[in-house]
file upload.cif (mmCIF, C-alpha atoms)
data_input
loop_
_atom_site.label_atom_id
_atom_site.label_comp_id
_atom_site.auth_asym_id
_atom_site.auth_seq_id
_atom_site.Cartn_x
_atom_site.Cartn_y
_atom_site.Cartn_z
CA MET A 29 -7.28 157.81 33.31
CA SER A 30 -4.54 155.83 31.68
CA VAL A 31 -5.32 153.47 28.81
CA GLN A 32 -2.93 150.93 27.39
CA THR A 33 -3.30 150.05 23.73
CA PRO A 34 -3.57 146.34 22.82
CA SER A 35 -0.57 146.35 20.47
CA ARG A 36 1.82 148.55 22.44
CA THR A 37 3.04 149.05 25.95
CA LEU A 38 2.55 152.80 25.49
CA SER A 39 0.00 154.41 27.80
CA VAL A 40 -2.22 157.28 26.78
CA MET A 41 -3.72 159.85 29.11
CA LEU A 42 -7.32 160.74 28.32
CA HIS A 43 -7.99 164.38 29.12
CA GLN A 44 -11.39 164.81 30.77
CA ASP A 45 -12.27 167.87 28.69
CA ASN A 46 -11.88 165.92 25.43
CA VAL A 47 -13.54 162.60 26.34
CA GLY A 48 -17.20 162.14 27.22
CA TYR A 49 -16.85 158.47 28.08
CA ALA A 50 -14.72 155.40 27.47
CA VAL A 51 -15.53 151.69 27.52
CA ILE A 52 -12.77 149.58 29.01
CA LYS A 53 -13.19 145.85 29.56
CA GLY A 54 -16.95 146.24 29.23
CA GLN A 55 -17.27 148.96 31.86
CA ARG A 56 -18.43 152.41 30.85
CA TYR A 57 -16.49 155.31 32.36
CA HIS A 58 -17.91 158.79 32.03
CA VAL A 59 -16.81 162.19 33.21
CA ALA A 60 -19.05 163.59 35.93
CA THR A 61 -21.25 166.31 34.46
CA PRO A 62 -21.52 169.74 36.12
CA LYS A 63 -24.99 168.75 37.40
CA GLU A 64 -23.63 165.49 38.88
CA ARG A 65 -20.80 167.40 40.55
CA GLU A 66 -23.30 169.85 42.09
CA GLN A 67 -25.34 166.93 43.44
CA GLY A 68 -22.40 165.42 45.30
CA LEU A 69 -20.55 163.19 42.84
CA GLY A 70 -17.42 165.30 42.57
CA LYS A 71 -15.27 165.60 39.47
CA GLY A 72 -13.48 162.80 37.68
CA TYR A 73 -14.30 159.53 35.94
CA ILE A 74 -17.28 157.56 37.21
CA ILE A 75 -18.30 153.95 36.57
CA THR A 76 -21.96 152.97 36.86
CA LEU A 77 -21.94 149.55 38.52
CA HIS A 78 -25.69 149.10 38.80
CA GLU A 79 -28.45 150.72 36.80
CA GLY A 80 -32.05 150.62 37.91
CA ARG A 81 -34.28 152.44 40.34
CA PHE A 82 -31.31 152.93 42.69
CA PRO A 83 -28.15 153.28 40.58
CA LEU A 84 -24.76 152.64 42.15
CA HIS A 85 -21.72 154.55 40.92
CA TRP A 86 -18.07 153.98 41.69
CA LYS A 87 -15.12 156.33 41.60
CA ASN A 88 -11.54 155.16 42.01
CA VAL A 89 -9.00 157.91 42.59
CA LYS A 90 -5.27 157.23 42.38
CA TYR A 91 -2.80 159.23 44.40
CA ARG A 92 0.93 159.53 43.78
CA GLU A 93 3.23 160.11 46.71
CA SER A 94 6.93 160.78 46.35
CA ASN A 95 9.68 160.28 48.89
CA ILE A 96 13.39 160.94 48.64
CA VAL A 97 15.40 157.89 49.65
CA ASN A 98 19.19 157.85 49.27
CA ARG A 99 18.99 160.97 47.09
CA GLN A 100 16.56 159.29 44.70
CA ILE A 101 12.86 159.89 44.28
CA GLU A 102 10.63 156.90 44.96
CA TYR A 103 7.00 156.99 43.91
CA ASN A 104 4.22 155.15 45.67
CA PHE A 105 0.69 154.90 44.32
CA THR A 106 -2.37 154.48 46.48
CA SER A 107 -6.01 154.42 45.52
CA LYS A 108 -9.33 155.24 47.12
CA ASP A 109 -12.67 153.70 46.17
CA THR A 110 -15.84 155.72 46.73
CA TYR A 111 -19.34 154.37 46.06
CA TYR A 112 -22.33 156.61 45.42
CA LEU A 113 -25.99 155.67 45.73
CA GLU A 114 -28.20 157.72 43.43
CA LYS A 115 -31.54 158.28 45.15
CA ASP A 116 -34.07 161.08 45.03
CA GLY A 117 -32.00 162.97 42.47
CA LEU A 118 -28.92 163.15 44.71
CA PHE A 119 -25.71 161.16 45.11
CA TRP A 120 -24.99 159.74 48.55
CA THR A 121 -21.66 158.28 49.61
CA VAL A 122 -22.11 154.72 50.87
CA SER A 123 -19.38 152.60 52.36
CA SER A 124 -20.92 150.41 55.01
CA LYS A 125 -24.09 148.54 55.88
CA GLY A 126 -25.29 151.41 58.06
CA SER A 127 -24.55 154.11 55.50
CA ILE A 128 -26.76 152.43 52.90
CA LEU A 129 -29.54 151.33 55.26
CA LYS A 130 -30.14 154.91 56.42
CA HIS A 131 -31.45 155.65 52.92
CA PHE A 132 -34.01 152.83 53.15
CA LYS A 133 -35.53 153.40 56.59
CA GLU A 134 -38.93 152.08 55.50
CA HIS A 135 -37.40 148.69 54.54
CA LYS A 136 -34.58 148.47 57.07
CA ARG A 137 -35.88 145.25 58.66
CA GLU A 138 -36.25 143.43 55.32
CA LEU A 139 -32.84 144.60 54.12
CA ASN A 140 -31.14 143.55 57.35
CA SER A 141 -32.74 140.13 57.02
CA PHE A 142 -31.52 139.87 53.39
CA ILE A 143 -27.99 140.83 54.47
CA LYS A 144 -27.94 138.10 57.13
CA GLN A 145 -29.50 135.41 54.92
CA ASN A 146 -27.03 136.08 52.12
CA ASN A 147 -24.02 136.66 54.38
CA LEU A 148 -23.25 140.00 52.75
CA LYS A 149 -20.07 141.70 53.94
CA PHE A 150 -19.14 145.35 53.53
CA GLY A 151 -15.38 145.18 54.02
CA LYS A 152 -13.12 146.61 51.34
CA ASP A 153 -12.88 143.38 49.33
CA GLU A 154 -16.60 142.49 49.36
CA ARG A 155 -18.19 145.95 49.40
CA LYS A 156 -18.87 146.36 45.66
CA GLU A 157 -20.68 143.03 45.20
CA SER A 158 -22.62 143.37 48.46
CA LEU A 159 -23.84 146.87 47.60
CA ILE A 160 -25.00 145.73 44.16
CA ARG A 161 -26.86 142.68 45.54
CA LEU A 162 -28.49 144.76 48.27
CA LEU A 163 -29.70 147.40 45.80
CA GLU A 164 -31.05 144.75 43.44
CA TYR A 165 -33.07 143.37 46.35
CA ALA A 166 -34.18 146.85 47.51
CA GLU A 167 -35.64 147.46 44.05
CA THR A 168 -37.99 144.49 44.52
CA LEU A 169 -39.50 145.92 47.72
#

call {"tool": "encode", "arguments": {"input": "upload.cif", "output": "structure tokens"}}
result
Amino acid sequence: MSVQTPSRTLSVMLHQDNVGYAVIKGQRYHVATPKEREQGLGKGYIITLHEGRFPLHWKNVKYRESNIVNRQIEYNFTSKDTYYLEKDGLFWTVSSKGSILKHFKEHKRELNSFIKQNNLKFGKDERKESLIRLLEYAETL
């Protein structure tokens, strides 16, 4: 994780072994514990997007790719978002409507109806907000 200080343009790398958590722009990042890693969360920094009966966690991993162009190295950065539903003591990767509904089989009809009524979308740009709204509703059932 890279953090930029308010008064400088200098970035600081936070080493996971030395930092339990960090709060950046109101969001709490924490390092996945050994127990969380065993249960499917993987290692790295995690953000809890929704707390409640069915917590939703988010991990954003950055990748650096290098290419040699005209005898110079060019770097490209890509990122991958992964969302995890915490249910029954385990972490489940969720990325689409179907992947989350399979964990709520007993309320699938009600959740599908909620998705349609609220025009929830699960594409890359809308996924985070739609997952949060759907879980908030699922907790009322």

call {"tool": "closest_residue", "arguments": {"input": "upload.cif", "among": "A:Asp45, A:Glu79, A:Glu154, A:Glu93", "to": "A:Lys125", "atoms": "only C-alpha atoms"}}
result
A:Glu154

call {"tool": "atom_distance", "arguments": {"input": "upload.cif", "atom1": "atom CA of A:Gly80", "atom2": "atom CA of A:Leu163"}}
result
8.8 Å

call {"tool": "residues_around", "arguments": {"input": "upload.cif", "residues": "A:Val89", "least_positions_apart": "6", "cutoff": "9 Å", "atoms": "all atoms listed in the file", "output": "ChimeraX atom specification"}}
result
/A:72-73,106-110

call {"tool": "write_last_selection", "arguments": {"input": "upload.cif", "atoms": "C-alpha atoms", "output": "mmCIF file, keeping the file's coordinate frame"}}
result
data_model
loop_
_atom_site.group_PDB
_atom_site.id
_atom_site.type_symbol
_atom_site.label_atom_id
_atom_site.label_comp_id
_atom_site.auth_asym_id
_atom_site.auth_seq_id
_atom_site.Cartn_x
_atom_site.Cartn_y
_atom_site.Cartn_z
ATOM 1 C CA GLY A 72 -13.480 162.800 37.680
ATOM 2 C CA TYR A 73 -14.300 159.530 35.940
ATOM 3 C CA THR A 106 -2.370 154.480 46.480
ATOM 4 C CA SER A 107 -6.010 154.420 45.520
ATOM 5 C CA LYS A 108 -9.330 155.240 47.120
ATOM 6 C CA ASP A 109 -12.670 153.700 46.170
ATOM 7 C CA THR A 110 -15.840 155.720 46.730
#

call {"tool": "closest_residue", "arguments": {"input": "upload.cif", "among": "A:Trp120, A:Leu169, A:Lys115, A:His78", "to": "A:Leu139", "atoms": "all atoms listed in the file"}}
result
A:Leu169

call {"tool": "resolve_selection", "arguments": {"input": "upload.cif", "expression": "the PyMOL selection byres ((chain A and resi 92) around 7)", "output": "list in words"}}
result
Lys90, Tyr91, Glu93, Ser94, Tyr103, Asn104, Phe105 and Thr106 of chain A

call {"tool": "atom_distance", "arguments": {"input": "upload.cif", "atom1": "atom CA of A:Arg65", "atom2": "atom CA of A:Lys156"}}
result
21.7 Å

call {"tool": "atom_distance", "arguments": {"input": "upload.cif", "atom1": "atom CA of A:Tyr112", "atom2": "atom CA of A:Gly126"}}
result
14.0 Å

call {"tool": "resolve_selection", "arguments": {"input": "upload.cif", "expression": "the PyMOL selection byres ((chain A and resi 111) around 10)", "output": "compact mmCIF listing (two decimals) with C-alpha atoms, in the coordinates of the input"}}
result
# COMPACT_ATOMS: atom_id res chain seq x y z
CA LEU A 69 -20.55 163.19 42.84
CA ILE A 74 -17.28 157.56 37.21
CA ILE A 75 -18.30 153.95 36.57
CA THR A 76 -21.96 152.97 36.86
CA LEU A 77 -21.94 149.55 38.52
CA LEU A 84 -24.76 152.64 42.15
CA HIS A 85 -21.72 154.55 40.92
CA TRP A 86 -18.07 153.98 41.69
CA LYS A 87 -15.12 156.33 41.60
CA ASN A 88 -11.54 155.16 42.01
CA ASP A 109 -12.67 153.70 46.17
CA THR A 110 -15.84 155.72 46.73
CA TYR A 112 -22.33 156.61 45.42
CA LEU A 113 -25.99 155.67 45.73
CA GLU A 114 -28.20 157.72 43.43
CA PHE A 119 -25.71 161.16 45.11
CA TRP A 120 -24.99 159.74 48.55
CA THR A 121 -21.66 158.28 49.61
CA VAL A 122 -22.11 154.72 50.87
CA SER A 123 -19.38 152.60 52.36
CA SER A 124 -20.92 150.41 55.01
CA ARG A 155 -18.19 145.95 49.40
CA LYS A 156 -18.87 146.36 45.66
CA LEU A 159 -23.84 146.87 47.60

call {"tool": "closest_residue", "arguments": {"input": "upload.cif", "among": "A:Val97, A:Ala166, A:Leu148, A:Val59", "to": "A:Val47", "atoms": "all atoms listed in the file"}}
result
A:Val59

call {"tool": "closest_residue", "arguments": {"input": "upload.cif", "among": "A:Ala60, A:Ile96, A:Leu162, A:Ala50", "to": "A:Phe142", "atoms": "all atoms listed in the file"}}
result
A:Leu162

call {"tool": "closest_residue", "arguments": {"input": "upload.cif", "among": "A:His131, A:Arg161, A:Thr168, A:Ser141", "to": "A:Leu118", "atoms": "all atoms listed in the file"}}
result
A:His131

call {"tool": "build_atoms", "arguments": {"input": "upload.cif", "residues": "stretch 82-116 of chain A", "atoms": "N, CA and C atoms", "output": "PDB file, in the coordinates of the input"}}
result
ATOM      1  N   PHE A  82     -32.323 152.382  41.780  1.00  0.00           N
ATOM      2  CA  PHE A  82     -31.310 152.930  42.690  1.00  0.00           C
ATOM      3  C   PHE A  82     -29.919 152.660  42.115  1.00  0.00           C
ATOM      4  N   PRO A  83     -29.463 153.507  41.185  1.00  0.00           N
ATOM      5  CA  PRO A  83     -28.150 153.280  40.580  1.00  0.00           C
ATOM      6  C   PRO A  83     -27.011 153.376  41.593  1.00  0.00           C
ATOM      7  N   LEU A  84     -25.965 152.604  41.333  1.00  0.00           N
ATOM      8  CA  LEU A  84     -24.760 152.640  42.150  1.00  0.00           C
ATOM      9  C   LEU A  84     -23.598 153.035  41.259  1.00  0.00           C
ATOM     10  N   HIS A  85     -22.864 154.050  41.682  1.00  0.00           N
ATOM     11  CA  HIS A  85     -21.720 154.550  40.920  1.00  0.00           C
ATOM     12  C   HIS A  85     -20.461 154.355  41.750  1.00  0.00           C
ATOM     13  N   TRP A  86     -19.361 154.235  41.039  1.00  0.00           N
ATOM     14  CA  TRP A  86     -18.070 153.980  41.690  1.00  0.00           C
ATOM     15  C   TRP A  86     -17.032 154.929  41.123  1.00  0.00           C
ATOM     16  N   LYS A  87     -16.238 155.482  42.014  1.00  0.00           N
ATOM     17  CA  LYS A  87     -15.120 156.330  41.600  1.00  0.00           C
ATOM     18  C   LYS A  87     -13.863 155.794  42.285  1.00  0.00           C
ATOM     19  N   ASN A  88     -12.830 155.610  41.484  1.00  0.00           N
ATOM     20  CA  ASN A  88     -11.540 155.160  42.010  1.00  0.00           C
ATOM     21  C   ASN A  88     -10.529 156.253  41.706  1.00  0.00           C
ATOM     22  N   VAL A  89      -9.967 156.835  42.750  1.00  0.00           N
ATOM     23  CA  VAL A  89      -9.000 157.910  42.590  1.00  0.00           C
ATOM     24  C   VAL A  89      -7.625 157.386  42.981  1.00  0.00           C
ATOM     25  N   LYS A  90      -6.655 157.636  42.123  1.00  0.00           N
ATOM     26  CA  LYS A  90      -5.270 157.230  42.380  1.00  0.00           C
ATOM     27  C   LYS A  90      -4.493 158.435  42.878  1.00  0.00           C
ATOM     28  N   TYR A  91      -3.644 158.183  43.852  1.00  0.00           N
ATOM     29  CA  TYR A  91      -2.800 159.230  44.400  1.00  0.00           C
ATOM     30  C   TYR A  91      -1.337 158.820  44.239  1.00  0.00           C
ATOM     31  N   ARG A  92      -0.503 159.791  43.896  1.00  0.00           N
ATOM     32  CA  ARG A  92       0.930 159.530  43.780  1.00  0.00           C
ATOM     33  C   ARG A  92       1.639 160.268  44.895  1.00  0.00           C
ATOM     34  N   GLU A  93       2.434 159.529  45.635  1.00  0.00           N
ATOM     35  CA  GLU A  93       3.230 160.110  46.710  1.00  0.00           C
ATOM     36  C   GLU A  93       4.691 159.918  46.343  1.00  0.00           C
ATOM     37  N   SER A  94       5.499 160.904  46.640  1.00  0.00           N
ATOM     38  CA  SER A  94       6.930 160.780  46.350  1.00  0.00           C
ATOM     39  C   SER A  94       7.724 160.981  47.634  1.00  0.00           C
ATOM     40  N   ASN A  95       8.774 160.191  47.758  1.00  0.00           N
ATOM     41  CA  ASN A  95       9.680 160.280  48.890  1.00  0.00           C
ATOM     42  C   ASN A  95      11.110 160.270  48.362  1.00  0.00           C
ATOM     43  N   ILE A  96      11.972 160.957  49.028  1.00  0.00           N
ATOM     44  CA  ILE A  96      13.390 160.940  48.640  1.00  0.00           C
ATOM     45  C   ILE A  96      14.091 159.945  49.558  1.00  0.00           C
ATOM     46  N   VAL A  97      14.681 158.926  48.932  1.00  0.00           N
ATOM     47  CA  VAL A  97      15.400 157.890  49.650  1.00  0.00           C
ATOM     48  C   VAL A  97      16.771 157.749  48.995  1.00  0.00           C
ATOM     49  N   ASN A  98      17.815 157.918  49.787  1.00  0.00           N
ATOM     50  CA  ASN A  98      19.190 157.850  49.270  1.00  0.00           C
ATOM     51  C   ASN A  98      19.373 158.742  48.033  1.00  0.00           C
ATOM     52  N   ARG A  99      18.893 159.946  48.134  1.00  0.00           N
ATOM     53  CA  ARG A  99      18.990 160.970  47.090  1.00  0.00           C
ATOM     54  C   ARG A  99      18.319 160.566  45.779  1.00  0.00           C
ATOM     55  N   GLN A 100      17.342 159.678  45.872  1.00  0.00           N
ATOM     56  CA  GLN A 100      16.560 159.290  44.700  1.00  0.00           C
ATOM     57  C   GLN A 100      15.074 159.417  45.055  1.00  0.00           C
ATOM     58  N   ILE A 101      14.298 159.759  44.058  1.00  0.00           N
ATOM     59  CA  ILE A 101      12.860 159.890  44.280  1.00  0.00           C
ATOM     60  C   ILE A 101      12.195 158.535  44.067  1.00  0.00           C
ATOM     61  N   GLU A 102      11.425 158.121  45.070  1.00  0.00           N
ATOM     62  CA  GLU A 102      10.630 156.900  44.960  1.00  0.00           C
ATOM     63  C   GLU A 102       9.161 157.301  44.941  1.00  0.00           C
ATOM     64  N   TYR A 103       8.415 156.698  44.025  1.00  0.00           N
ATOM     65  CA  TYR A 103       7.000 156.990  43.910  1.00  0.00           C
ATOM     66  C   TYR A 103       6.180 155.822  44.434  1.00  0.00           C
ATOM     67  N   ASN A 104       5.168 156.142  45.194  1.00  0.00           N
ATOM     68  CA  ASN A 104       4.220 155.150  45.670  1.00  0.00           C
ATOM     69  C   ASN A 104       2.828 155.581  45.217  1.00  0.00           C
ATOM     70  N   PHE A 105       2.045 154.609  44.780  1.00  0.00           N
ATOM     71  CA  PHE A 105       0.690 154.900  44.320  1.00  0.00           C
ATOM     72  C   PHE A 105      -0.298 154.238  45.262  1.00  0.00           C
ATOM     73  N   THR A 106      -1.288 155.012  45.664  1.00  0.00           N
ATOM     74  CA  THR A 106      -2.370 154.480  46.480  1.00  0.00           C
ATOM     75  C   THR A 106      -3.678 154.815  45.767  1.00  0.00           C
ATOM     76  N   SER A 107      -4.727 154.126  46.146  1.00  0.00           N
ATOM     77  CA  SER A 107      -6.010 154.420  45.520  1.00  0.00           C
ATOM     78  C   SER A 107      -7.105 154.446  46.578  1.00  0.00           C
ATOM     79  N   LYS A 108      -8.179 155.140  46.233  1.00  0.00           N
ATOM     80  CA  LYS A 108      -9.330 155.240  47.120  1.00  0.00           C
ATOM     81  C   LYS A 108     -10.592 154.982  46.324  1.00  0.00           C
ATOM     82  N   ASP A 109     -11.391 154.019  46.789  1.00  0.00           N
ATOM     83  CA  ASP A 109     -12.670 153.700  46.170  1.00  0.00           C
ATOM     84  C   ASP A 109     -13.776 154.447  46.902  1.00  0.00           C
ATOM     85  N   THR A 110     -14.666 155.073  46.152  1.00  0.00           N
ATOM     86  CA  THR A 110     -15.840 155.720  46.730  1.00  0.00           C
ATOM     87  C   THR A 110     -17.057 155.250  45.947  1.00  0.00           C
ATOM     88  N   TYR A 111     -18.097 154.842  46.670  1.00  0.00           N
ATOM     89  CA  TYR A 111     -19.340 154.370  46.060  1.00  0.00           C
ATOM     90  C   TYR A 111     -20.425 155.396  46.332  1.00  0.00           C
ATOM     91  N   TYR A 112     -21.263 155.626  45.313  1.00  0.00           N
ATOM     92  CA  TYR A 112     -22.330 156.610  45.420  1.00  0.00           C
ATOM     93  C   TYR A 112     -23.671 155.959  45.071  1.00  0.00           C
ATOM     94  N   LEU A 113     -24.614 156.093  45.964  1.00  0.00           N
ATOM     95  CA  LEU A 113     -25.990 155.670  45.730  1.00  0.00           C
ATOM     96  C   LEU A 113     -26.725 156.865  45.147  1.00  0.00           C
ATOM     97  N   GLU A 114     -27.403 156.649  44.030  1.00  0.00           N
ATOM     98  CA  GLU A 114     -28.200 157.720  43.430  1.00  0.00           C
ATOM     99  C   GLU A 114     -29.651 157.492  43.825  1.00  0.00           C
ATOM    100  N   LYS A 115     -30.163 158.406  44.648  1.00  0.00           N
ATOM    101  CA  LYS A 115     -31.540 158.280  45.150  1.00  0.00           C
ATOM    102  C   LYS A 115     -32.124 159.656  45.329  1.00  0.00           C
ATOM    103  N   ASP A 116     -33.363 159.813  44.905  1.00  0.00           N
ATOM    104  CA  ASP A 116     -34.070 161.080  45.030  1.00  0.00           C
ATOM    105  C   ASP A 116     -33.337 162.235  44.348  1.00  0.00           C
TER     106      ASP A 116
END
